[in-house]
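Undergrad: Could you have a look at this structure, given as structure tokens, before my questions?
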Amino acid sequence: MGTTVKQFGMTVNGEAVYTKNTLPVINPANEEVIAQVPHADQNDLNHTVNAAKAASPAWAARSAEERAAKLEAFADAFYEQRDELARLFTLEMGRPLKGSLQEVIGSSKSCKMIAGQRLENEILEETEQHFVEKSYTPLGVAGLIVPWNFPVTLAIWKIAPALLTGNTIVMKPSPNTPLTALFLGKIAKDIFPAGVVNVVTGGNELGAWMTEHPGIDKISFTGSTATGKKVMQGAADNLKRITLELGGNDAAIVLEDADPKKFVEPVFWAAFRNTAQICIASKRLYVHENIYDEFLAELVNYAKTVNVGDGMDSDTMIGPVQNNMQFEKVKDLIEDAKSSGATIVCGGDVEDKPGYFIPITIVDNPAEDSRVVQEEAFGPILPVLKYHDYEDVIQRANDSIYGLAGSVWGEDLTFAKSIADRLETGTVWINEAHILSPKFPFGGHKHSGIGVEHSREGLAEYTNTKVVMMRKKYFFYKRGGRL
Ligand code: NAD
């Protein structure tokens, strides 16, 4: 085992908890085991949920201001430890160190922004005789299930709203990236009262147990659509509230008036940032036929300037794919594209060496019904597709079970907006991509999710909407009707 990673326990009821069984953590840049982390069983989960339940009434009774102050302190504390957190992030996830650090810093800011949000009570009616008020009460224990692609941001986007609204939490990271979550739990342990923040690690079965656990009142899940469906089924038995942020197959549409020289760089990063392991990455790039050849040539030229390598090397711009399963899946898609006769104009050949490295791979105008177009690759392979007219491209962009996000690129903003308005997604960007903020609701249409994160709507998903009605002047009733 590598010596560069300290061992972290789970955070349960304010204590560091270790288990007899452990799970290995693998560095995707060299496939070496860098740490062993706790492997929780069902008893560990029961104990954790009981602790979260016991801490719930006192935490819910605190004012939003008190809870927000704790979140602010938490944001400051993990910001202080940003270098170590970013190092763990790169070691377990593969992302270049600079990007990991940006994510940690951005997550600290997001945590503070969320801490500043409020779900104020609202008076719905006030007359001389009647008063109606709406408020938002905590649900109890929130189970937070996080994937591996943005292990810090996606954790904070759940931790902060769940706690702010008065819930206690049990968080489970992906077994592929548990170190950053355990480190966040260790920091939280010294800030929040015992039992308020709990972090448990284990295999995928731990997620399934959480969805079915009668002591958990809400599941906020980010991950694949296939797992999201299982979460929904598991949560049905005790009617848990669920928020599902799921997969996508986002279309980016480049309009005829887009100057390739100007647009290629942002379009490239919209597709390949974080080794294309982003739910909202552009996964199908549609380019108007009149600029297609020039755009594709510029895209390939730009791709050749981007270094793929170990995230710990300072000149790396794109790291390895995070895990072996994903690595095999992307390789399979490359082979499928090749065997179906598509032309690969960049990359396509995976070297036989340690680490899950896949070169930036661009496929020239494959068939619309090919796997590389239809499936969420979640890795650095991008189909570039030619279109002739706008009705056709809108129809093709919308012809997907997914509806997470999309983007439109071009000079005529009014026209670009008219296209954006017709895309069946939760978010559309025009001449930008991946801009997300606690200020704006974010969620998926169709099979890309249920509910939203961020904004008042996102906060409300961790609450019960409650209405109190009061008759201010009491009326006596007599037989035959009201007085
Ligand atoms: P995944 O679905 O395999 O795993 C996500 C989490 O669910 C992990 O913590 C995993 O351990 C847990 N899990 C696995 N089986 C479970 C079960 N039966 N019940 C409950 N939990 C279970 O996804 P992943 O491979 O970690 O992440 C990649 C996927 O996540 C992609 O599809 C991507 O598009 C999606 N994603 C979506 C968003 C979004 O906001 N919409 C953001 C990031 C990633």
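Within each chain, counting starts at residue 1; across the structure tokens, chains are named A, B, ... in the order shown, with ligands numbered 1 upward in that order.
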Please check which protein, DNA or RNA residues sit within 8 Å of ligand 1, counting only C-alpha atoms and all ligand atoms, and write them as number ranges by chain.

TA: A: 145-150, 154, 172-176, 202-211, 221-228, 230-231, 234, 244-248, 277-280, 326, 376, 378, 404, 442-444, 448-449

Undergrad: Which polymer residues have any atom within 12 Å of an atom of A:Phe415, counting only C-alpha atoms, with same-chain residues fewer than 3 positions away left out, as a PyMOL selection string?

TA: chain A and resi 254-257+390+408-412+418-422+430

Undergrad: Suppose we keep N, CA and C atoms; can you now write the selection as a PDB file, in the first residue's frame?

TA:
ATOM      1  N   VAL A 254     -23.683  23.561 -32.725  1.00  0.00           N
ATOM      2  CA  VAL A 254     -22.888  24.682 -33.232  1.00  0.00           C
ATOM      3  C   VAL A 254     -23.612  25.237 -34.464  1.00  0.00           C
ATOM      4  N   LEU A 255     -23.976  26.516 -34.383  1.00  0.00           N
ATOM      5  CA  LEU A 255     -24.766  27.132 -35.454  1.00  0.00           C
ATOM      6  C   LEU A 255     -23.869  27.496 -36.640  1.00  0.00           C
ATOM      7  N   GLU A 256     -24.522  27.784 -37.753  1.00  0.00           N
ATOM      8  CA  GLU A 256     -23.797  28.054 -38.998  1.00  0.00           C
ATOM      9  C   GLU A 256     -22.892  29.284 -38.879  1.00  0.00           C
ATOM     10  N   ASP A 257     -23.305  30.249 -38.031  1.00  0.00           N
ATOM     11  CA  ASP A 257     -22.526  31.499 -37.967  1.00  0.00           C
ATOM     12  C   ASP A 257     -21.395  31.457 -36.926  1.00  0.00           C
ATOM     13  N   TYR A 390     -32.165  23.241 -39.088  1.00  0.00           N
ATOM     14  CA  TYR A 390     -32.336  23.394 -37.634  1.00  0.00           C
ATOM     15  C   TYR A 390     -33.456  22.525 -37.071  1.00  0.00           C
ATOM     16  N   VAL A 408     -25.822  25.678 -26.969  1.00  0.00           N
ATOM     17  CA  VAL A 408     -25.935  26.204 -28.325  1.00  0.00           C
ATOM     18  C   VAL A 408     -24.820  27.228 -28.484  1.00  0.00           C
ATOM     19  N   TRP A 409     -24.133  27.188 -29.632  1.00  0.00           N
ATOM     20  CA  TRP A 409     -22.961  28.033 -29.847  1.00  0.00           C
ATOM     21  C   TRP A 409     -23.123  28.795 -31.157  1.00  0.00           C
ATOM     22  N   GLY A 410     -23.059  30.127 -31.118  1.00  0.00           N
ATOM     23  CA  GLY A 410     -23.168  30.911 -32.351  1.00  0.00           C
ATOM     24  C   GLY A 410     -23.224  32.391 -32.052  1.00  0.00           C
ATOM     25  N   GLU A 411     -23.224  33.192 -33.127  1.00  0.00           N
ATOM     26  CA  GLU A 411     -23.164  34.657 -32.967  1.00  0.00           C
ATOM     27  C   GLU A 411     -24.548  35.271 -32.757  1.00  0.00           C
ATOM     28  N   ASP A 412     -25.544  34.751 -33.450  1.00  0.00           N
ATOM     29  CA  ASP A 412     -26.883  35.351 -33.384  1.00  0.00           C
ATOM     30  C   ASP A 412     -27.580  34.850 -32.105  1.00  0.00           C
ATOM     31  N   SER A 418     -33.683  30.889 -29.447  1.00  0.00           N
ATOM     32  CA  SER A 418     -34.885  30.204 -29.962  1.00  0.00           C
ATOM     33  C   SER A 418     -34.640  28.693 -30.072  1.00  0.00           C
ATOM     34  N   ILE A 419     -33.393  28.307 -30.309  1.00  0.00           N
ATOM     35  CA  ILE A 419     -33.070  26.870 -30.338  1.00  0.00           C
ATOM     36  C   ILE A 419     -33.057  26.335 -28.901  1.00  0.00           C
ATOM     37  N   ALA A 420     -32.387  27.091 -28.020  1.00  0.00           N
ATOM     38  CA  ALA A 420     -32.282  26.665 -26.605  1.00  0.00           C
ATOM     39  C   ALA A 420     -33.672  26.431 -26.015  1.00  0.00           C
ATOM     40  N   ASP A 421     -34.607  27.319 -26.354  1.00  0.00           N
ATOM     41  CA  ASP A 421     -35.963  27.209 -25.803  1.00  0.00           C
ATOM     42  C   ASP A 421     -36.639  25.901 -26.189  1.00  0.00           C
ATOM     43  N   ARG A 422     -36.179  25.298 -27.267  1.00  0.00           N
ATOM     44  CA  ARG A 422     -36.849  24.075 -27.745  1.00  0.00           C
ATOM     45  C   ARG A 422     -36.143  22.792 -27.313  1.00  0.00           C
ATOM     46  N   ILE A 430     -25.901  28.995 -23.563  1.00  0.00           N
ATOM     47  CA  ILE A 430     -25.601  29.575 -24.877  1.00  0.00           C
ATOM     48  C   ILE A 430     -24.221  30.222 -24.778  1.00  0.00           C
TER      49      ILE A 430
END

Undergrad: Neighbours of A:Ala68 within 12 Å (only C-alpha atoms; same-chain residues fewer than 2 positions away dropped), as JSON, numbers by chain?

TA: {"A": [59, 62, 63, 64, 65, 66, 70, 71, 72, 73, 74, 75, 111, 112, 113, 114, 115, 116, 117, 118, 159, 160, 161, 162, 163, 164, 165, 166, 191, 192]}

Undergrad: By how many Å are atom CA of A:Asp259 and atom CA of A:Ala297 apart?

TA: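 Computed distance, atom CA of A:Asp259 to atom CA of A:Ala297, equals 12.7 Å.
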
Undergrad: Please provide the set of residues having any atom within 8 Å of A:Lys53, restricted to only C-alpha atoms, with same-chain residues fewer than 6 positions apart removed, written as an NGL selection string.

TA: :A and (140-141 or 168 or 195 or 215)

Undergrad: Find the nearest atom pair between each residue of stretch 369-474 of chain A and stretch 331-344 of chain A for residues within 8 Å, count only C-alpha atoms, give distances in Å to one decimal, sort rows by chain and ascending number, and present the table as JSON lines.

TA:
{"residue": "A:Ser370", "atom": "CA", "partner": "A:Ala337", "partner_atom": "CA", "distance": 7.6}
{"residue": "A:Arg371", "atom": "CA", "partner": "A:Leu333", "partner_atom": "CA", "distance": 7.0}
{"residue": "A:Val372", "atom": "CA", "partner": "A:Leu333", "partner_atom": "CA", "distance": 6.0}
{"residue": "A:Ala377", "atom": "CA", "partner": "A:Leu333", "partner_atom": "CA", "distance": 7.5}
{"residue": "A:Ile381", "atom": "CA", "partner": "A:Ile334", "partner_atom": "CA", "distance": 7.4}

Undergrad: Check the smallest atom-to-atom distance from each of A:Met93, A:Val468, A:Val452, A:Leu23 to A:Phe440 using only C-alpha atoms, then report the winner.

TA: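 Smallest distance to A:Phe440 is found for A:Val452.
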
Undergrad: Excluding stretch 305-312 of chain A and residues on its chain fewer than 5 positions from it, collect all residues at most 10 Å away from it, counting only C-alpha atoms, and give them as a list in words.

TA: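 Residues near the query, excluding close chain neighbours: Asn27, Pro28, Ala29, Asn30, Arg87, Phe89, Thr90, Leu91, Met93, Gly94, Arg95, Pro96, Leu97, Lys98, Gly99, Ser100, Thr275, Val300, Met317, Ile318, Gly319, Pro320, Gly355, Tyr356, Phe357, Ile358, Pro359 and Ile360 of chain A.
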
Undergrad: List the neighbours of A:Tyr302 out to 12 Å using only C-alpha atoms; skip same-chain residues closer than 2 positions along the sequence, and give me the result as a list in words.

TA: Pro260, Lys261, Lys262, Phe263, Val264, Glu265, Pro266, Val267, Phe268, Trp269, Phe272, Phe295, Leu296, Ala297, Glu298, Leu299, Val300, Lys304, Thr305, Val306, Asn307, Cys346, Ile360 and Ile362 of chain A

Undergrad: From the set A:Val287, A:Ile401, A:Val345, A:Val467, which residue has the shortest atom-to-atom contact distance to A:His388, counting only C-alpha atoms?

TA: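 Nearest candidate to A:His388 out of A:Val287, A:Ile401, A:Val345, A:Val467: A:Val287.
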
Undergrad: Could you give me the residues within stretch 310-396 of chain A that DSSP places in alpha helix (DSSP H), as a list in words?

TA: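 Matching residues for alpha helix (DSSP H) in stretch 310-396 of chain A are Asn324, Met325, Gln326, Phe327, Glu328, Lys329, Val330, Lys331, Asp332, Leu333, Ile334, Glu335, Asp336, Ala337, Lys338, Ser339, Arg371, Val372, Val373, Gln374, Tyr390, Glu391, Asp392, Val393, Ile394, Gln395 and Arg396 of chain A.
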
Undergrad: For A:Arg456, find every residue with an atom within 9 Å (counting only C-alpha atoms), except residues of its own chain fewer than 2 positions away, and show them as a list in words.

TA: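 Selected residues are Gln117, Arg118, Leu119, Lys439, Phe440, Pro441, Glu453, His454, Gly458, Leu459, Ala460 and Glu461 of chain A.
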
Undergrad: Quick one: write out the picked residues with N, CA, C and O atoms as a PDB file, in the first residue's frame?

TA:
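again.pdb was written with the following content:
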ATOM      1  N   GLN A 117     -28.530  31.054   2.290  1.00  0.00           N
ATOM      2  CA  GLN A 117     -29.892  30.982   1.747  1.00  0.00           C
ATOM      3  C   GLN A 117     -30.899  30.682   2.870  1.00  0.00           C
ATOM      4  O   GLN A 117     -30.546  30.109   3.892  1.00  0.00           O
ATOM      5  N   ARG A 118     -32.121  31.082   2.655  1.00  0.00           N
ATOM      6  CA  ARG A 118     -33.170  30.822   3.664  1.00  0.00           C
ATOM      7  C   ARG A 118     -34.480  30.432   2.991  1.00  0.00           C
ATOM      8  O   ARG A 118     -34.820  30.975   1.931  1.00  0.00           O
ATOM      9  N   LEU A 119     -35.167  29.535   3.654  1.00  0.00           N
ATOM     10  CA  LEU A 119     -36.544  29.260   3.249  1.00  0.00           C
ATOM     11  C   LEU A 119     -37.433  29.977   4.257  1.00  0.00           C
ATOM     12  O   LEU A 119     -37.741  29.421   5.313  1.00  0.00           O
ATOM     13  N   LYS A 439     -27.385  29.480  -6.728  1.00  0.00           N
ATOM     14  CA  LYS A 439     -28.470  30.444  -6.979  1.00  0.00           C
ATOM     15  C   LYS A 439     -29.500  29.908  -7.984  1.00  0.00           C
ATOM     16  O   LYS A 439     -30.619  30.388  -8.040  1.00  0.00           O
ATOM     17  N   PHE A 440     -29.066  28.971  -8.855  1.00  0.00           N
ATOM     18  CA  PHE A 440     -29.938  28.543  -9.960  1.00  0.00           C
ATOM     19  C   PHE A 440     -30.353  27.083  -9.779  1.00  0.00           C
ATOM     20  O   PHE A 440     -29.491  26.236  -9.545  1.00  0.00           O
ATOM     21  N   PRO A 441     -31.641  26.779  -9.948  1.00  0.00           N
ATOM     22  CA  PRO A 441     -32.042  25.369  -9.815  1.00  0.00           C
ATOM     23  C   PRO A 441     -31.386  24.521 -10.895  1.00  0.00           C
ATOM     24  O   PRO A 441     -31.256  24.947 -12.043  1.00  0.00           O
ATOM     25  N   GLU A 453     -31.483  20.395  -7.423  1.00  0.00           N
ATOM     26  CA  GLU A 453     -30.609  20.879  -6.357  1.00  0.00           C
ATOM     27  C   GLU A 453     -30.468  22.381  -6.566  1.00  0.00           C
ATOM     28  O   GLU A 453     -30.655  22.891  -7.660  1.00  0.00           O
ATOM     29  N   HIS A 454     -30.113  23.069  -5.506  1.00  0.00           N
ATOM     30  CA  HIS A 454     -29.846  24.523  -5.549  1.00  0.00           C
ATOM     31  C   HIS A 454     -31.134  25.367  -5.552  1.00  0.00           C
ATOM     32  O   HIS A 454     -32.195  24.902  -5.950  1.00  0.00           O
ATOM     33  N   GLY A 458     -34.398  23.793  -4.440  1.00  0.00           N
ATOM     34  CA  GLY A 458     -33.507  22.713  -3.997  1.00  0.00           C
ATOM     35  C   GLY A 458     -33.534  22.549  -2.492  1.00  0.00           C
ATOM     36  O   GLY A 458     -33.571  21.426  -1.969  1.00  0.00           O
ATOM     37  N   LEU A 459     -33.542  23.670  -1.781  1.00  0.00           N
ATOM     38  CA  LEU A 459     -33.621  23.599  -0.312  1.00  0.00           C
ATOM     39  C   LEU A 459     -34.924  22.933   0.121  1.00  0.00           C
ATOM     40  O   LEU A 459     -34.950  22.093   1.022  1.00  0.00           O
ATOM     41  N   ALA A 460     -35.990  23.327  -0.566  1.00  0.00           N
ATOM     42  CA  ALA A 460     -37.316  22.816  -0.177  1.00  0.00           C
ATOM     43  C   ALA A 460     -37.392  21.297  -0.292  1.00  0.00           C
ATOM     44  O   ALA A 460     -38.191  20.656   0.391  1.00  0.00           O
ATOM     45  N   GLU A 461     -36.543  20.712  -1.141  1.00  0.00           N
ATOM     46  CA  GLU A 461     -36.591  19.248  -1.305  1.00  0.00           C
ATOM     47  C   GLU A 461     -36.136  18.501  -0.046  1.00  0.00           C
ATOM     48  O   GLU A 461     -36.310  17.300   0.060  1.00  0.00           O
TER      49      GLU A 461
END

Undergrad: Among stretch 113-350 of chain A, which ones does DSSP place in strand (DSSP E or B), written as an NGL selection string?

TA: :A and (122-126 or 130-138 or 141-145 or 168-172 or 197-199 or 218-222 or 241-245 or 250-254 or 282-288 or 308 or 318 or 343-346)
